[in-house]
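What's in my_file.cif: mmCIF, C-alpha atoms
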data_upload
loop_
_atom_site.group_PDB
_atom_site.id
_atom_site.type_symbol
_atom_site.label_atom_id
_atom_site.label_comp_id
_atom_site.auth_asym_id
_atom_site.auth_seq_id
_atom_site.Cartn_x
_atom_site.Cartn_y
_atom_site.Cartn_z
ATOM 1 C CA MET A 33 72.813 107.889 152.068
ATOM 2 C CA PHE A 34 76.218 106.267 151.730
ATOM 3 C CA ASP A 35 76.985 103.246 153.920
ATOM 4 C CA PRO A 36 79.807 104.150 156.392
ATOM 5 C CA THR A 37 81.260 100.644 155.993
ATOM 6 C CA LEU A 38 81.655 101.188 152.255
ATOM 7 C CA LEU A 39 83.141 104.627 152.861
ATOM 8 C CA ARG A 40 85.733 103.251 155.304
ATOM 9 C CA THR A 41 86.783 100.588 152.812
ATOM 10 C CA PHE A 42 86.985 103.126 149.993
ATOM 11 C CA LEU A 43 89.155 105.451 152.100
ATOM 12 C CA ALA A 44 91.503 102.593 152.932
ATOM 13 C CA VAL A 45 91.947 101.973 149.193
ATOM 14 C CA ALA A 46 92.376 105.704 148.539
ATOM 15 C CA GLU A 47 95.038 106.085 151.221
ATOM 16 C CA THR A 48 97.020 102.939 150.366
ATOM 17 C CA SER A 49 96.515 102.837 146.570
ATOM 18 C CA SER A 50 96.111 99.089 146.978
ATOM 19 C CA PHE A 51 93.181 96.709 147.403
ATOM 20 C CA THR A 52 95.510 94.197 149.059
ATOM 21 C CA VAL A 53 96.961 96.618 151.621
ATOM 22 C CA ALA A 54 93.495 98.055 152.303
ATOM 23 C CA ALA A 55 92.220 94.540 153.029
ATOM 24 C CA GLN A 56 95.111 93.942 155.432
ATOM 25 C CA ARG A 57 94.482 97.257 157.185
ATOM 26 C CA LEU A 58 90.774 96.530 157.630
ATOM 27 C CA GLY A 59 91.143 92.826 158.437
ATOM 28 C CA ILE A 60 88.883 91.703 155.608
ATOM 29 C CA SER A 61 89.448 89.817 152.349
ATOM 30 C CA GLN A 62 90.514 91.483 149.111
ATOM 31 C CA PRO A 63 87.325 90.337 147.284
ATOM 32 C CA THR A 64 85.301 92.044 150.033
ATOM 33 C CA VAL A 65 87.240 95.259 149.481
ATOM 34 C CA SER A 66 86.533 95.078 145.740
ATOM 35 C CA GLN A 67 82.850 94.391 146.427
ATOM 36 C CA HIS A 68 82.588 97.377 148.804
ATOM 37 C CA VAL A 69 84.130 99.717 146.228
ATOM 38 C CA ARG A 70 81.806 98.450 143.478
ATOM 39 C CA ARG A 71 78.777 98.934 145.725
ATOM 40 C CA LEU A 72 79.854 102.500 146.502
ATOM 41 C CA GLU A 73 80.319 103.176 142.778
ATOM 42 C CA GLN A 74 76.846 101.815 142.153
ATOM 43 C CA ALA A 75 75.387 103.961 144.939
ATOM 44 C CA SER A 76 77.067 107.104 143.604
ATOM 45 C CA GLY A 77 76.546 106.293 139.935
ATOM 46 C CA ARG A 78 80.162 107.255 139.220
ATOM 47 C CA LEU A 79 83.469 105.493 138.564
ATOM 48 C CA LEU A 80 85.587 106.168 141.632
ATOM 49 C CA VAL A 81 88.686 104.001 141.156
ATOM 50 C CA ALA A 82 90.792 103.557 138.012
ATOM 51 C CA ARG A 83 92.315 100.098 137.905
ATOM 52 C CA ASP A 84 94.946 98.523 135.677
ATOM 53 C CA THR A 85 97.262 95.550 136.069
ATOM 54 C CA ARG A 86 99.720 97.433 138.260
ATOM 55 C CA ASP A 87 98.289 100.622 139.743
ATOM 56 C CA VAL A 88 95.204 101.723 141.634
ATOM 57 C CA SER A 89 94.341 105.414 141.507
ATOM 58 C CA LEU A 90 91.321 107.612 142.119
ATOM 59 C CA THR A 91 89.340 109.261 139.361
ATOM 60 C CA ASP A 92 88.300 112.910 139.754
ATOM 61 C CA ASN A 93 85.000 111.647 141.165
ATOM 62 C CA GLY A 94 86.989 109.369 143.488
ATOM 63 C CA ASP A 95 88.951 112.351 144.830
ATOM 64 C CA ALA A 96 85.667 114.134 145.506
ATOM 65 C CA MET A 97 84.209 111.053 147.194
ATOM 66 C CA ALA A 98 87.286 110.735 149.426
ATOM 67 C CA GLY A 99 86.707 114.247 150.747
ATOM 68 C CA PHE A 100 83.013 113.606 151.346
ATOM 69 C CA ALA A 101 83.812 110.238 152.971
ATOM 70 C CA ARG A 102 86.168 111.787 155.513
ATOM 71 C CA THR A 103 83.612 114.446 156.389
ATOM 72 C CA ILE A 104 80.762 111.916 156.703
ATOM 73 C CA LEU A 105 82.790 109.495 158.836
ATOM 74 C CA ALA A 106 84.074 112.330 161.021
ATOM 75 C CA ALA A 107 80.493 113.478 161.620
ATOM 76 C CA HIS A 108 79.429 109.902 162.473
ATOM 77 C CA SER A 109 82.284 109.544 164.951
ATOM 78 C CA ALA A 110 81.725 112.964 166.514
ATOM 79 C CA ALA A 111 77.995 112.294 166.959
ATOM 80 C CA ASP A 112 78.672 108.876 168.465
ATOM 81 C CA ASP A 113 81.234 110.297 170.898
ATOM 82 C CA TYR A 114 78.980 113.204 171.841
ATOM 83 C CA PHE A 115 75.912 111.132 172.623
ATOM 84 C CA SER A 116 77.894 108.385 174.346
ATOM 85 C CA GLY A 117 79.616 110.954 176.555
ATOM 86 C CA SER A 118 83.068 109.782 175.434
ATOM 87 C CA ALA A 119 84.034 112.760 173.255
ATOM 88 C CA MET A 120 87.669 113.725 173.682
ATOM 89 C CA LYS A 121 88.046 117.190 175.199
ATOM 90 C CA GLY A 122 90.810 119.591 176.177
ATOM 91 C CA LYS A 123 93.418 121.846 174.588
ATOM 92 C CA LEU A 124 96.172 120.764 172.211
ATOM 93 C CA ARG A 125 98.997 123.185 171.397
ATOM 94 C CA PHE A 126 100.511 122.057 168.098
ATOM 95 C CA GLY A 127 103.491 123.535 166.281
ATOM 96 C CA ALA A 128 104.470 122.876 162.662
ATOM 97 C CA ALA A 129 107.417 123.966 160.543
ATOM 98 C CA ASP A 130 106.097 126.416 157.983
ATOM 99 C CA ASP A 131 107.315 124.535 154.900
ATOM 100 C CA LEU A 132 105.161 121.589 155.990
ATOM 101 C CA ALA A 133 102.162 123.852 155.384
ATOM 102 C CA ILE A 134 102.534 123.145 151.633
ATOM 103 C CA THR A 135 101.777 119.472 152.314
ATOM 104 C CA GLN A 136 98.428 117.846 153.114
ATOM 105 C CA LEU A 137 98.909 118.901 156.771
ATOM 106 C CA PRO A 138 96.258 121.680 156.725
ATOM 107 C CA ARG A 139 93.704 119.183 155.368
ATOM 108 C CA ILE A 140 94.705 116.650 158.044
ATOM 109 C CA LEU A 141 94.214 119.265 160.762
ATOM 110 C CA ARG A 142 90.817 120.235 159.345
ATOM 111 C CA HIS A 143 89.632 116.626 159.467
ATOM 112 C CA PHE A 144 91.075 116.253 162.969
ATOM 113 C CA ARG A 145 89.011 119.211 164.161
ATOM 114 C CA GLN A 146 85.898 117.728 162.565
ATOM 115 C CA LEU A 147 86.568 114.419 164.261
ATOM 116 C CA TYR A 148 87.304 115.969 167.676
ATOM 117 C CA PRO A 149 85.294 119.209 167.811
ATOM 118 C CA GLN A 150 85.662 119.506 171.582
ATOM 119 C CA ILE A 151 89.466 119.650 171.417
ATOM 120 C CA ASN A 152 90.688 123.239 171.281
ATOM 121 C CA LEU A 153 93.509 122.978 168.722
ATOM 122 C CA GLU A 154 95.993 125.869 168.876
ATOM 123 C CA LEU A 155 98.421 126.026 165.929
ATOM 124 C CA THR A 156 101.850 127.686 165.930
ATOM 125 C CA VAL A 157 103.748 127.927 162.626
ATOM 126 C CA ASP A 158 107.469 128.703 162.833
ATOM 127 C CA GLN A 159 110.887 127.349 161.937
ATOM 128 C CA SER A 160 111.960 123.991 163.388
ATOM 129 C CA GLY A 161 114.518 125.468 165.822
ATOM 130 C CA PRO A 162 112.155 127.892 167.585
ATOM 131 C CA LEU A 163 109.455 125.215 167.739
ATOM 132 C CA PHE A 164 111.885 122.781 169.358
ATOM 133 C CA ARG A 165 112.766 125.381 171.999
ATOM 134 C CA LYS A 166 109.090 126.154 172.667
ATOM 135 C CA LEU A 167 108.368 122.449 173.129
ATOM 136 C CA HIS A 168 111.118 122.096 175.728
ATOM 137 C CA ALA A 169 109.947 125.280 177.447
ATOM 138 C CA GLY A 170 106.543 123.629 177.901
ATOM 139 C CA SER A 171 104.594 126.058 175.706
ATOM 140 C CA LEU A 172 103.732 123.424 173.056
ATOM 141 C CA ASP A 173 102.357 119.885 173.375
ATOM 142 C CA LEU A 174 103.387 118.444 170.000
ATOM 143 C CA ILE A 175 105.570 119.695 167.151
ATOM 144 C CA PHE A 176 106.126 118.565 163.563
ATOM 145 C CA ILE A 177 109.583 119.599 162.388
ATOM 146 C CA LYS A 178 112.563 118.701 160.207
ATOM 147 C CA GLN A 179 115.549 117.036 161.861
ATOM 148 C CA ARG A 180 118.768 115.396 160.783
ATOM 149 C CA PRO A 181 118.467 111.595 160.627
ATOM 150 C CA GLU A 182 120.988 111.058 163.414
ATOM 151 C CA THR A 183 118.500 112.611 165.859
ATOM 152 C CA THR A 184 116.844 109.758 167.739
ATOM 153 C CA ASP A 185 113.984 111.543 169.529
ATOM 154 C CA GLY A 186 110.416 111.534 168.297
ATOM 155 C CA THR A 187 108.294 109.693 165.746
ATOM 156 C CA VAL A 188 109.594 109.816 162.172
ATOM 157 C CA VAL A 189 106.733 110.406 159.739
ATOM 158 C CA ARG A 190 108.985 110.304 156.680
ATOM 159 C CA ARG A 191 112.693 110.185 155.828
ATOM 160 C CA ASP A 192 113.359 112.262 152.738
ATOM 161 C CA GLN A 193 116.248 113.227 150.483
ATOM 162 C CA LEU A 194 117.408 116.854 150.513
ATOM 163 C CA VAL A 195 117.924 118.218 146.993
ATOM 164 C CA TRP A 196 118.946 121.445 145.272
ATOM 165 C CA VAL A 197 115.932 123.170 143.707
ATOM 166 C CA GLY A 198 115.660 125.986 141.211
ATOM 167 C CA GLN A 199 113.528 127.526 138.512
ATOM 168 C CA GLU A 200 113.773 125.893 135.083
ATOM 169 C CA LYS A 201 115.680 128.881 133.650
ATOM 170 C CA THR A 202 117.908 129.491 136.696
ATOM 171 C CA ILE A 203 121.579 129.882 135.721
ATOM 172 C CA VAL A 204 124.677 129.309 137.857
ATOM 173 C CA GLU A 205 127.787 130.260 135.900
ATOM 174 C CA LEU A 206 130.725 127.865 136.176
ATOM 175 C CA GLY A 207 133.353 129.177 138.598
ATOM 176 C CA THR A 208 131.044 131.737 140.217
ATOM 177 C CA PRO A 209 129.727 131.514 143.810
ATOM 178 C CA VAL A 210 126.568 129.449 144.143
ATOM 179 C CA PRO A 211 123.619 131.851 144.694
ATOM 180 C CA LEU A 212 121.902 130.479 147.778
ATOM 181 C CA ILE A 213 118.327 131.171 148.859
ATOM 182 C CA THR A 214 117.810 130.094 152.450
ATOM 183 C CA TYR A 215 116.030 130.581 155.733
ATOM 184 C CA GLN A 216 117.412 132.893 158.388
ATOM 185 C CA GLY A 217 119.058 131.394 161.452
ATOM 186 C CA THR A 218 120.177 127.813 161.950
ATOM 187 C CA THR A 219 117.975 125.427 159.993
ATOM 188 C CA VAL A 220 118.531 121.908 158.643
ATOM 189 C CA SER A 221 118.360 123.055 155.011
ATOM 190 C CA ARG A 222 120.674 126.060 155.488
ATOM 191 C CA THR A 223 123.235 124.112 157.509
ATOM 192 C CA SER A 224 123.176 121.184 155.056
ATOM 193 C CA ALA A 225 123.660 123.495 152.066
ATOM 194 C CA ILE A 226 126.570 125.461 153.504
ATOM 195 C CA GLU A 227 128.350 122.392 154.920
ATOM 196 C CA ALA A 228 128.017 120.494 151.621
ATOM 197 C CA LEU A 229 129.299 123.428 149.542
ATOM 198 C CA GLU A 230 132.266 124.099 151.817
ATOM 199 C CA GLN A 231 133.233 120.410 151.958
ATOM 200 C CA ALA A 232 133.128 120.338 148.151
ATOM 201 C CA GLY A 233 135.268 123.476 147.934
ATOM 202 C CA ARG A 234 132.508 125.492 146.272
ATOM 203 C CA ARG A 235 132.140 129.189 146.918
ATOM 204 C CA TRP A 236 128.675 130.479 147.781
ATOM 205 C CA ARG A 237 126.782 133.690 148.513
ATOM 206 C CA ILE A 238 123.388 134.367 150.088
ATOM 207 C CA THR A 239 121.070 136.050 147.597
ATOM 208 C CA CYS A 240 117.970 135.887 149.775
ATOM 209 C CA ASN A 241 117.368 135.410 153.519
ATOM 210 C CA THR A 242 113.766 134.697 154.476
ATOM 211 C CA ARG A 243 111.805 133.623 157.553
ATOM 212 C CA GLU A 244 109.066 131.666 155.802
ATOM 213 C CA VAL A 245 108.483 129.279 152.940
ATOM 214 C CA ASN A 246 106.487 131.661 150.740
ATOM 215 C CA GLY A 247 109.395 134.096 150.656
ATOM 216 C CA LEU A 248 111.803 131.294 149.817
ATOM 217 C CA LEU A 249 109.584 130.011 146.995
ATOM 218 C CA ALA A 250 109.098 133.523 145.617
ATOM 219 C CA ALA A 251 112.866 134.056 145.443
ATOM 220 C CA VAL A 252 113.449 130.697 143.730
ATOM 221 C CA ARG A 253 110.661 131.367 141.220
ATOM 222 C CA ALA A 254 112.220 134.767 140.489
ATOM 223 C CA GLY A 255 115.458 133.010 139.529
ATOM 224 C CA LEU A 256 117.512 134.584 142.325
ATOM 225 C CA GLY A 257 119.322 131.329 143.046
ATOM 226 C CA VAL A 258 118.925 127.788 144.327
ATOM 227 C CA ALA A 259 117.418 126.466 147.554
ATOM 228 C CA VAL A 260 117.371 123.187 149.474
ATOM 229 C CA PHE A 261 114.117 121.223 149.773
ATOM 230 C CA PRO A 262 113.045 117.735 150.788
ATOM 231 C CA ARG A 263 112.420 115.958 147.480
ATOM 232 C CA SER A 264 108.766 115.156 148.281
ATOM 233 C CA LEU A 265 107.971 118.832 148.942
ATOM 234 C CA ILE A 266 109.160 120.286 145.626
ATOM 235 C CA PRO A 267 106.349 122.306 143.945
ATOM 236 C CA ASP A 268 105.457 121.303 140.392
ATOM 237 C CA ASP A 269 106.851 124.500 138.837
ATOM 238 C CA LEU A 270 110.371 123.970 140.269
ATOM 239 C CA VAL A 271 112.994 121.398 139.343
ATOM 240 C CA VAL A 272 115.981 119.586 140.843
ATOM 241 C CA VAL A 273 119.165 121.325 139.631
ATOM 242 C CA GLY A 274 121.941 119.549 141.554
ATOM 243 C CA ASN A 275 123.292 117.617 138.561
ATOM 244 C CA ARG A 276 122.887 120.551 136.176
ATOM 245 C CA PHE A 277 125.204 122.748 138.273
ATOM 246 C CA ASP A 278 127.396 119.936 139.644
ATOM 247 C CA LEU A 279 126.303 120.653 143.213
ATOM 248 C CA PRO A 280 127.245 118.278 146.065
ATOM 249 C CA GLU A 281 124.944 115.676 147.602
ATOM 250 C CA LEU A 282 123.040 116.927 150.652
ATOM 251 C CA GLY A 283 121.996 113.840 152.585
ATOM 252 C CA GLU A 284 118.640 113.108 154.155
ATOM 253 C CA VAL A 285 116.168 114.780 156.509
ATOM 254 C CA ASP A 286 113.540 113.374 158.864
ATOM 255 C CA LEU A 287 110.048 114.866 159.126
ATOM 256 C CA THR A 288 109.509 114.184 162.813
ATOM 257 C CA LEU A 289 106.808 114.488 165.453
ATOM 258 C CA LEU A 290 108.065 115.377 168.938
ATOM 259 C CA ARG A 291 105.808 115.406 171.991
ATOM 260 C CA ASN A 292 105.901 117.111 175.359
ATOM 261 C CA PRO A 293 105.854 114.292 177.956
ATOM 262 C CA ALA A 294 103.888 116.535 180.312
ATOM 263 C CA ALA A 295 101.095 117.093 177.754
ATOM 264 C CA PRO A 296 97.752 115.230 177.957
ATOM 265 C CA ALA A 297 98.455 111.904 176.251
ATOM 266 C CA GLU A 298 95.078 111.211 174.654
ATOM 267 C CA PRO A 299 94.733 114.246 172.318
ATOM 268 C CA VAL A 300 98.448 114.109 171.440
ATOM 269 C CA ASP A 301 98.155 110.416 170.534
ATOM 270 C CA ALA A 302 95.062 111.154 168.443
ATOM 271 C CA LEU A 303 96.809 113.847 166.395
ATOM 272 C CA ILE A 304 99.916 111.697 165.923
ATOM 273 C CA SER A 305 97.694 108.898 164.611
ATOM 274 C CA ALA A 306 95.898 111.297 162.267
ATOM 275 C CA ILE A 307 99.184 112.500 160.760
ATOM 276 C CA MET A 308 100.788 109.059 160.579
ATOM 277 C CA GLY A 309 97.675 107.605 158.950
ATOM 278 C CA ARG A 310 97.639 109.965 155.962
ATOM 279 C CA THR A 311 99.904 110.424 152.953
ATOM 280 C CA LEU A 312 101.861 113.645 153.454
ATOM 281 C CA ASN A 313 102.403 114.970 149.927
ATOM 282 C CA ARG A 314 102.965 118.525 148.872
ATOM 283 C CA THR A 315 100.029 120.546 147.516
ATOM 284 C CA ALA A 316 101.729 123.579 145.966
#

Translate this structure into structure tokens?
Amino acid sequence: MFDPTLLRTFLAVAETSSFTVAAQRLGISQPTVSQHVRRLEQASGRLLVARDTRDVSLTDNGDAMAGFARTILAAHSAADDYFSGSAMKGKLRFGAADDLAITQLPRILRHFRQLYPQINLELTVDQSGPLFRKLHAGSLDLIFIKQRPETTDGTVVRRDQLVWVGQEKTIVELGTPVPLITYQGTTVSRTSAIEALEQAGRRWRITCNTREVNGLLAAVRAGLGVAVFPRSLIPDDLVVVGNRFDLPELGEVDLTLLRNPAAPAEPVDALISAIMGRTLNRTA
């Protein structure tokens, strides 16, 4: 049996990559954090955290322990809520932009469902524009979308740099139109790409129109052209090509949570906290 207190401390270290920040988050001393991690390593018989003078990172066993810790703590919390009669209930209609599905978001939602098993979570995956319209029509309670930074509504999870992305062997001949792979309709990435190219006096042509991120990634990997991505969401097999092809700067994008003010506050707040409390990196 692993002590939940040790697991909570270990997760704080895993999520912050810092003993100091973990101590501040938990309201305990840094030596106590170090002691908790050592005790958990002793209990598991494995090295969980790799330490050097500058960085704190998880070992492979640490990554495995982090997954088990979240599951164990979620089960503890769910059991406590169930038997105390305080379990959160209801329906939560959540919408997410489809390119955010290549982040840790699916894992966050899985842990949320484990933590709140009596909340009926309904997921809609679409482009940011349609999700925004569905939210204002009252058919969604919370959405996670991309917006331009000048938009003031919502809770910003991350501000990211938009960059030009291509396959390592992608070629754009000098003086030829830029081959553009983009989403259909009006999206932040499509609008940013076309506006930047036209302001720079660069000609462009659409080589692939797609409705979803897998189609976009397939076209980029096939070398059909270049696409626009938030820097933090670039898959490992693709590269930034803006400098290589002398493409214009694209500006920034906000990954934003927007809520329906008429939605039940408690489950919406819980999901916002779950997303804000986790590192949102890409997984593919």

- Where does the PyMOL selection byres ((chain A and resi 144) around 12) land in this file, that is, which residues does it pick, as number ranges by chain? A: 102-103, 105-107, 109-110, 120, 124, 137-143, 145-153, 299-307, 309-310

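Nearest to A:Asp130 of all the residues A:Ile60, A:Cys240, A:Val65, A:Ile177 is A:Ile177, counting all atoms listed in the file.
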
- Item | Pick from A:Val220, A:Ala111, A:Val285, A:Leu132 nearest to A:Val245, counting only C-alpha atoms | A:Leu132

- Task: Using all atoms listed in the file, pick whichever of A:Thr48, A:Gln193, A:Gln159, A:Leu249 has the shortest atom-to-atom distance to A:Thr218.
- Result: A:Gln159

- Compare A:Thr219, A:Thr41, A:Thr183, A:Ser89 by their minimum atom-to-atom distance to A:Gln67, counting all atoms listed in the file, and give me the closest one. A:Thr41

- Item | Top pick for closest residue to A:Trp236, considering A:Ala259, A:Ala295, A:Ala254, A:Ile104 and counting all atoms listed in the file |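 Among the listed residues, the smallest separation from A:Trp236 belongs to A:Ala259.
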
- Could you check how far atom CA of A:Leu79 sits from atom CA of A:Gln56, in Å to one decimal?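 Going from atom CA of A:Leu79 over to atom CA of A:Gln56, I get 23.5 Å.
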
- Considering all atoms listed in the file, return as JSON, numbers by chain whatever protein or nucleic-acid residues lie within 9 Å of A:Ser224, sequence-local ones (same chain, fewer than 6 positions apart) excluded. {"A": [194, 260, 282, 283]}

Store the residues picked out above in a file with C-alpha atoms, as a PDB file, in the frame of the given file.
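Below you can see selection_0.pdb, which holds the result:
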ATOM      1  CA  LEU A 194     117.408 116.854 150.513  1.00  0.00           C
ATOM      2  CA  VAL A 260     117.371 123.187 149.474  1.00  0.00           C
ATOM      3  CA  LEU A 282     123.040 116.927 150.652  1.00  0.00           C
ATOM      4  CA  GLY A 283     121.996 113.840 152.585  1.00  0.00           C
TER       5      GLY A 283
END

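Here the PyMOL selection byres ((chain A and resi 267) around 12) captures the residues Asp131, Ile134, Thr135, Val197, Gly198, Gln199, Val245, Asn246, Leu249, Ala250, Val252, Arg253, Phe261, Pro262, Arg263, Ser264, Leu265, Ile266, Asp268, Asp269, Leu270, Val271, Val272, Asn313, Arg314, Thr315 and Ala316 of chain A.
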
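Summary of the local environment: counting only C-alpha atoms, residues at most 12 Å from A:Phe164, other than itself and those fewer than 6 positions away along its chain, are Phe126, Gly127, Ala128, Ala129, Thr156, Val157, Asp158, Gly170, Ser171, Leu172, Asp173, Leu174, Ile175, Phe176, Ile177, Lys178, Gln179, Asp185, Gly186, Thr219, Thr288, Leu289, Leu290, Arg291 and Asn292 of chain A.
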
- For each of A:Ala101, A:Pro293, A:Val45, A:Asp278, take the minimum atom-to-atom distance to A:Gly233, counting all atoms listed in the file, then give the residue where this is smallest.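 Closest residue, counting all atoms listed in the file: A:Asp278.
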
- Item | Shell of 8 Å around A:Gly274, all atoms listed in the file, local chain residues under 6 positions omitted, as a PyMOL selection string | chain A and resi 195-197+280-281

- Message: Under the PyMOL selection byres ((chain A and resi 33-38) around 8), which residues of this model are included? Write them out as a ChimeraX atom specification.
- Response: /A:39-42,68-69,71-72,75,104-105

I need the chosen residues saved as a CSV table (one decimal), in the coordinates of the input, with C-alpha atoms.
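Dumped to out_37.csv:
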chain,number,residue,atom,x,y,z
A,39,LEU,CA,83.1,104.6,152.9
A,40,ARG,CA,85.7,103.3,155.3
A,41,THR,CA,86.8,100.6,152.8
A,42,PHE,CA,87.0,103.1,150.0
A,68,HIS,CA,82.6,97.4,148.8
A,69,VAL,CA,84.1,99.7,146.2
A,71,ARG,CA,78.8,98.9,145.7
A,72,LEU,CA,79.9,102.5,146.5
A,75,ALA,CA,75.4,104.0,144.9
A,104,ILE,CA,80.8,111.9,156.7
A,105,LEU,CA,82.8,109.5,158.8

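Put simply, atom CA of A:Glu284 is 12.4 Å away from atom CA of A:Thr223.
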
- Task: Skip A:Val204 itself and residues of its chain fewer than 4 positions away, then list as a list of chain:residue names all residues within 12 Å of it, counting all atoms listed in the file.
- Result: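 In the requested form, the answer reads A:Gly198, A:Gln199, A:Glu200, A:Thr208, A:Pro209, A:Val210, A:Pro211, A:Leu212, A:Arg235, A:Trp236, A:Arg237, A:Gly255, A:Leu256, A:Gly257, A:Val258, A:Val273, A:Gly274, A:Asn275, A:Arg276, A:Phe277, A:Asp278, A:Leu279.
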